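Undergrad: I have a structure I would like to understand better, so I am pasting it below and will then ask my questions one at a time.
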Amino acid sequence: MFNKLIADIFNEIAELLSVDDKASKFEVRAYQKAALTIGTLQEPIEDIYAKGGKDALQDLPGIGPTLADRIIEYIKTGRISKYDELKKKYPIDMKALTSIEGMGAKKAVILYKKLGVKDIADLKKAISSHEISRLEGFGERSEELLAKGVSMLEQSKGRMLLGDVLPIAERIVSALRKSGLVSNAVIAGSTRRMRETVGDIDILALSSKQESVMDLFTKMPDVSTIVSKGPTKTTVWLKIGISCDLRVIDPKSFSAALQYFTGSKDHNIEVRKIAIKKGYKLNEYGLFRGTASVNVRSEEDIYAKLGMQWMPPEMREDRGEVQLALAHKVPKLVELSDLKGDLHTHTKDTDGANTLEEMVSAAKAAGLGYIAVTNHTKSLRVAHGMDEKGFKEFFEKIDRLNESMSGFRVLKGAEVDIREDGSFDLTERSLQSMDIVIGAVHSHFSMSESEMTARIVKAIDTGMMSILAHPTGRVIFERDPYKVSLEKVFEAAERNNTVLEINSVPNRLDLSDTNIMLASKYRVMFAIDSDAHRTSHFEFLRYGVGTARRGWLTKDRVVNAQRIDKLYSVLKRG
């Protein structure tokens, strides 16, 4: 699957063009838009090309003739000549360097020209020798931030976003099932637990044709290198940059293997302790009473034999779920099918890629009954935010669309910027005209904990905010959460009936699972939102649901799991 590989190259081309005097802003933006389109496709781009040729590629949003040719070049040769030319001019590991907070393409080029910095290793040397702090336009503070960014990057090595890994794992499992060589194939490990980042992929299969299964697996398009190959276990390195283990399991051991290879280490230790207390031995090969194997046909059977209720995979982290299972009090967690709407979406009227009508059509296709369109406000210039007049005109457009539809509703809203002093960047009159107001911090992330807390609490205490978006501001692998007292934020949300968002964008997933568990102690509601900026982003909702389930969230705590007639009363402000 070439989607991520081509998207990464297009993003890097855009970065390199942004510092090239001969390139236009239009060309930079074209590559950025194309990268976003390709990176969020659910179908392999090589399959789209195989079915419909260049015309099919040009039917994709933001893909014109030139970019279609670039894609075809990569599919056929594994290279893009435009990228090779730029890399000769700027031999910089732009992807790695610009993934560091505070390092844009222009700064990377300055460091290359002034200090010869080409990659992370060079950057670390320049930081350690304090050469960066002496450069004009940088200084000691910039050097400190870059050092922190390098540390974050190194901590993330070996792990990838769930949103990048899960589609590939599902593609492999699908290919195995369709092959006719296996009677079953499933994803296990941290991917099945829906952890926000994944270190490797575990796949289990049932088959009597082990050799043929392993041959098929090692020849799959996603495989880069064979690490080891055997009749029951094969490990490969995938092109996206992560390892994948395939185990062909004996049918008698399959349920035990799935339980073993799904739970975290600590979860499995606790379950094995219970097995021992009850006179059993539990391992990846089965459940045993002495040397005799106990017949179990599913994970449910295993837990039942131990006097436990089955636990959803997302809960198996040893955070109290074992005790709940023993007491048969495991909650019924929210499911993707429970969501009836999405309360955080954008259109091309600000920084989205699709029209209002296109977003509505995609939401319907995703099985939703309503969406809130919440375009950015005027302070966020980079997102072409709207002012009061712009929102008034846009809401008139929504009204006309709602009048023409039945069975679907578009709510009028905005993602309003919470300014440094805790005020909003739209008038109260404008906010009162909306069905929903989402407040969000988009700047001044380095404020002290007391300052940031006061800023957010002040905004919540206005009573004008329906939902607090991505409450900690983190971007996984790129930006740490800003310093804030979440307890005080949750207290403010509780007294103002402000909903807390679980942002489903794969590199946000904010609130995180642990923060959801903390927030659940307060009388607050949650919204699982896609933050969709294009039609394909409604697919993100499953990652938000996975995170909510990891936080033990139930349907009754999720506002957009409710019918729209009940939703209005929950979102009531003022």
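Identifiers in the structure tokens: chain A, B, ... in order shown; residue index from 1 per chain; ligand index from 1 in order shown.
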Just list as a ChimeraX atom specification whatever in stretch 447-518 of chain A DSSP marks as alpha helix (DSSP H).
TA: /A:449-461,486-496,513-518
Undergrad: If you count only C-alpha atoms, which residues fall within 6 Å of stretch 369-378 of chain A, apart from same-chain ones fewer than 3 positions away, as a ChimeraX atom specification?
TA: /A:340-346,385-387,408-416
Undergrad: Would you pick out the contacts of stretch 217-220 of chain A at 12 Å or less, using only C-alpha atoms, so that residues sharing its chain but fewer than 5 positions from it are not included, and give the list as a PyMOL selection string?
TA: chain A and resi 1+168-169+171-177+179+181-182+185+203+205+210-212+225-231+233-239+244-248
Undergrad: Could you write out that same residue set with C-alpha atoms as a compact mmCIF listing (two decimals), in the first residue's frame?
TA:
```txt
# COMPACT_ATOMS: atom_id res chain seq x y z
CA MET A 1 0.00 0.00 0.00
CA ILE A 168 -2.27 -1.85 7.08
CA ALA A 169 -2.95 -4.59 9.64
CA ARG A 171 -5.31 -5.01 4.81
CA ILE A 172 -3.02 -7.94 5.65
CA VAL A 173 -5.76 -9.78 7.54
CA SER A 174 -8.18 -9.20 4.67
CA ALA A 175 -5.70 -10.63 2.16
CA LEU A 176 -5.17 -13.70 4.35
CA ARG A 177 -8.92 -14.31 4.71
CA SER A 179 -6.74 -16.24 0.05
CA LEU A 181 -5.58 -20.57 2.88
CA VAL A 182 -6.78 -19.69 6.39
CA ALA A 185 -7.10 -14.46 10.82
CA ILE A 203 -1.55 -11.27 13.62
CA ALA A 205 -4.15 -17.22 11.88
CA GLN A 210 1.25 -23.23 7.02
CA GLU A 211 3.96 -23.07 4.37
CA SER A 212 1.62 -21.59 1.76
CA THR A 225 12.07 -7.30 4.20
CA ILE A 226 11.77 -10.80 5.64
CA VAL A 227 13.31 -10.80 9.11
CA SER A 228 12.68 -14.47 9.88
CA LYS A 229 10.50 -17.18 8.37
CA GLY A 230 9.23 -20.40 9.90
CA PRO A 231 6.22 -22.73 9.71
CA LYS A 233 5.92 -17.74 13.02
CA THR A 234 7.20 -15.29 10.45
CA THR A 235 8.40 -11.74 11.08
CA VAL A 236 8.61 -9.13 8.33
CA TRP A 237 9.50 -5.46 8.14
CA LEU A 238 6.76 -3.45 6.47
CA LYS A 239 7.32 -0.55 4.11
CA CYS A 244 4.73 -7.51 11.75
CA ASP A 245 4.55 -11.02 13.24
CA LEU A 246 2.27 -13.66 11.76
CA ARG A 247 1.65 -16.75 13.87
CA VAL A 248 -0.22 -19.80 12.59
```
Undergrad: Which neighbours of A:Leu326 fall inside 9 Å, counting only C-alpha atoms, when residues of the same chain fewer than 2 positions from it are skipped, and could you give them as an mmCIF file with C-alpha atoms, in the first residue's frame?
TA:
```cif
data_model
loop_
_atom_site.group_PDB
_atom_site.id
_atom_site.type_symbol
_atom_site.label_atom_id
_atom_site.label_comp_id
_atom_site.auth_asym_id
_atom_site.auth_seq_id
_atom_site.Cartn_x
_atom_site.Cartn_y
_atom_site.Cartn_z
ATOM 1 C CA LEU A 306 -11.667 -18.327 35.876
ATOM 2 C CA GLY A 307 -14.904 -16.874 37.272
ATOM 3 C CA MET A 308 -14.488 -13.667 35.319
ATOM 4 C CA GLN A 309 -16.569 -11.615 32.937
ATOM 5 C CA GLU A 321 -10.509 -4.153 34.845
ATOM 6 C CA VAL A 322 -9.554 -7.531 36.366
ATOM 7 C CA GLN A 323 -11.312 -6.665 39.627
ATOM 8 C CA LEU A 324 -14.378 -5.490 37.713
ATOM 9 C CA HIS A 328 -19.004 -9.153 36.944
ATOM 10 C CA LYS A 329 -19.301 -5.372 36.704
ATOM 11 C CA VAL A 330 -17.517 -4.705 33.409
#
```
Undergrad: Near A:Glu428, within 10 Å and counting only C-alpha atoms, which residues show up once chain neighbours fewer than 5 positions away are dropped, as a PDB file with N, CA and C atoms, in the first residue's frame?
TA:
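selection.pdb, written as the output of this step:
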```
ATOM      1  N   SER A 433     -26.001  33.270  18.226  1.00  0.00           N
ATOM      2  CA  SER A 433     -26.734  32.857  17.029  1.00  0.00           C
ATOM      3  C   SER A 433     -26.427  31.420  16.624  1.00  0.00           C
ATOM      4  N   THR A 462     -17.606  31.701  31.016  1.00  0.00           N
ATOM      5  CA  THR A 462     -18.491  32.653  30.324  1.00  0.00           C
ATOM      6  C   THR A 462     -19.867  32.029  30.103  1.00  0.00           C
ATOM      7  N   MET A 464     -20.638  30.447  27.546  1.00  0.00           N
ATOM      8  CA  MET A 464     -20.918  30.504  26.110  1.00  0.00           C
ATOM      9  C   MET A 464     -20.399  29.286  25.348  1.00  0.00           C
TER      10      MET A 464
END
```
Undergrad: For each of A:Ile564, A:Met434, A:Arg474, A:Pro44, take the minimum atom-to-atom distance to A:Pro221, counting only C-alpha atoms, then give the residue where this is smallest.
TA: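 Nearest candidate to A:Pro221 out of A:Ile564, A:Met434, A:Arg474, A:Pro44: A:Pro44.
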Undergrad: So, counting only C-alpha atoms, which residue among A:Ala121, A:Met447, A:Ala365, A:Ala14 is closest to A:Glu539?
TA: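 Looking only at the distances to A:Glu539, the closest residue turns out to be A:Ala365.
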Undergrad: Can you tell me, as a PyMOL selection string, what residues are no more than 10 Å from A:Pro471 when counting only C-alpha atoms, ignoring any on the same chain fewer than 3 positions away?
TA: chain A and resi 439-441+456+467-468+474+481-482+484+486+489-490+500-503+510-512+515
Undergrad: So that I have them on file, write out the residues from the current selection with N, CA and C atoms, as a compact mmCIF listing (two decimals), in the first residue's frame.
TA:
```
# COMPACT_ATOMS: atom_id res chain seq x y z
N GLY A 439 -14.86 25.80 21.90
CA GLY A 439 -13.73 26.65 22.27
C GLY A 439 -12.43 25.87 22.15
N ALA A 440 -11.38 26.52 21.66
CA ALA A 440 -10.11 25.82 21.46
C ALA A 440 -8.93 26.76 21.64
N VAL A 441 -7.86 26.22 22.21
CA VAL A 441 -6.59 26.94 22.35
C VAL A 441 -5.74 26.62 21.12
N ILE A 456 -8.28 28.99 30.25
CA ILE A 456 -9.32 28.06 29.81
C ILE A 456 -10.54 28.13 30.73
N ILE A 467 -18.57 23.07 23.94
CA ILE A 467 -17.57 21.99 23.97
C ILE A 467 -16.18 22.59 24.05
N LEU A 468 -15.32 21.97 24.85
CA LEU A 468 -13.90 22.32 24.88
C LEU A 468 -13.17 21.35 23.97
N ARG A 474 -2.26 18.52 22.81
CA ARG A 474 -1.12 17.71 22.40
C ARG A 474 -1.24 17.27 20.93
N PRO A 481 1.46 18.01 25.65
CA PRO A 481 0.31 18.77 26.16
C PRO A 481 0.79 20.06 26.82
N TYR A 482 0.02 21.13 26.68
CA TYR A 482 0.41 22.33 27.39
C TYR A 482 0.17 22.12 28.89
N VAL A 484 -1.44 22.49 32.21
CA VAL A 484 -2.75 22.93 32.66
C VAL A 484 -3.22 22.02 33.77
N LEU A 486 -5.86 19.98 34.82
CA LEU A 486 -7.07 19.40 34.26
C LEU A 486 -8.18 19.29 35.29
N VAL A 489 -9.99 22.47 35.23
CA VAL A 489 -10.74 22.57 33.97
C VAL A 489 -11.99 21.71 34.04
N PHE A 490 -11.85 20.50 34.58
CA PHE A 490 -13.00 19.60 34.69
C PHE A 490 -14.04 20.15 35.67
N LEU A 500 -16.68 17.88 27.16
CA LEU A 500 -15.25 17.68 26.87
C LEU A 500 -15.10 16.84 25.61
N GLU A 501 -14.27 17.31 24.71
CA GLU A 501 -14.11 16.61 23.44
C GLU A 501 -13.07 15.50 23.53
N ILE A 502 -13.36 14.40 22.82
CA ILE A 502 -12.36 13.38 22.49
C ILE A 502 -12.13 13.54 21.00
N ASN A 503 -11.06 14.23 20.66
CA ASN A 503 -10.76 14.53 19.27
C ASN A 503 -10.17 13.29 18.61
N ASP A 510 -7.27 13.37 21.80
CA ASP A 510 -7.21 14.28 22.94
C ASP A 510 -8.64 14.70 23.28
N LEU A 511 -9.12 14.23 24.41
CA LEU A 511 -8.50 13.66 25.60
C LEU A 511 -7.93 12.27 25.35
N SER A 512 -6.84 11.97 26.06
CA SER A 512 -6.28 10.63 26.03
C SER A 512 -7.11 9.70 26.91
N ASN A 515 -6.77 10.48 30.63
CA ASN A 515 -7.46 11.72 31.00
C ASN A 515 -8.97 11.56 30.95
```
Undergrad: Give me, as a PyMOL selection string, all polymer residues having an atom no more than 12 Å from A:Ser569, counting only C-alpha atoms and skipping those fewer than 6 positions away in the same chain.
TA: chain A and resi 435-436+466+497+559+562-563
Undergrad: Selected residues, N, CA and C atoms, written as a short mmCIF file (atom, residue, chain, number, x, y, z; two decimals), in the first residue's frame, please.
TA:
```cif
data_model
loop_
_atom_site.label_atom_id
_atom_site.label_comp_id
_atom_site.auth_asym_id
_atom_site.auth_seq_id
_atom_site.Cartn_x
_atom_site.Cartn_y
_atom_site.Cartn_z
N ASP A 435 -25.85 27.17 17.16
CA ASP A 435 -26.35 26.00 17.88
C ASP A 435 -25.28 25.45 18.82
N ILE A 436 -24.03 25.63 18.43
CA ILE A 436 -22.93 25.02 19.17
C ILE A 436 -21.69 25.89 19.06
N SER A 466 -20.01 25.44 24.36
CA SER A 466 -20.68 24.15 24.41
C SER A 466 -19.69 23.02 24.65
N ASN A 497 -21.74 22.85 32.62
CA ASN A 497 -22.27 21.87 31.68
C ASN A 497 -21.54 21.92 30.33
N VAL A 559 -22.41 12.74 24.29
CA VAL A 559 -23.54 13.56 23.84
C VAL A 559 -23.96 13.24 22.41
N GLN A 562 -26.56 10.62 21.32
CA GLN A 562 -27.97 10.90 21.58
C GLN A 562 -28.67 11.42 20.33
N ARG A 563 -29.99 11.26 20.30
CA ARG A 563 -30.78 11.82 19.21
C ARG A 563 -30.67 13.34 19.24
#
```
Undergrad: For A:Met359, which of A:Asp425, A:Asp399, A:Asp531, A:Glu43 is the closest residue, counting only C-alpha atoms?
TA: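 Smallest separation from A:Met359 among the options: A:Asp531.
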Undergrad: Using only C-alpha atoms, find the one residue out of A:Asp202, A:Asp59, A:Asp565, A:Glu451 that sits nearest to A:Arg419.
TA: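 Of A:Asp202, A:Asp59, A:Asp565, A:Glu451, the one nearest A:Arg419, counting only C-alpha atoms, is A:Glu451.
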Undergrad: Could you work out how far atom CA of A:Gly163 lies from atom CA of A:Thr535, giving the answer in Å with one decimal?
TA: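 Result for atom CA of A:Thr535 versus atom CA of A:Gly163: 16.3 Å, one decimal.
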Undergrad: So, counting only C-alpha atoms, which residue among A:His470, A:Arg316, A:Arg508, A:Arg495 is closest to A:Ala527?
TA: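 Looking only at the distances to A:Ala527, the closest residue turns out to be A:His470.
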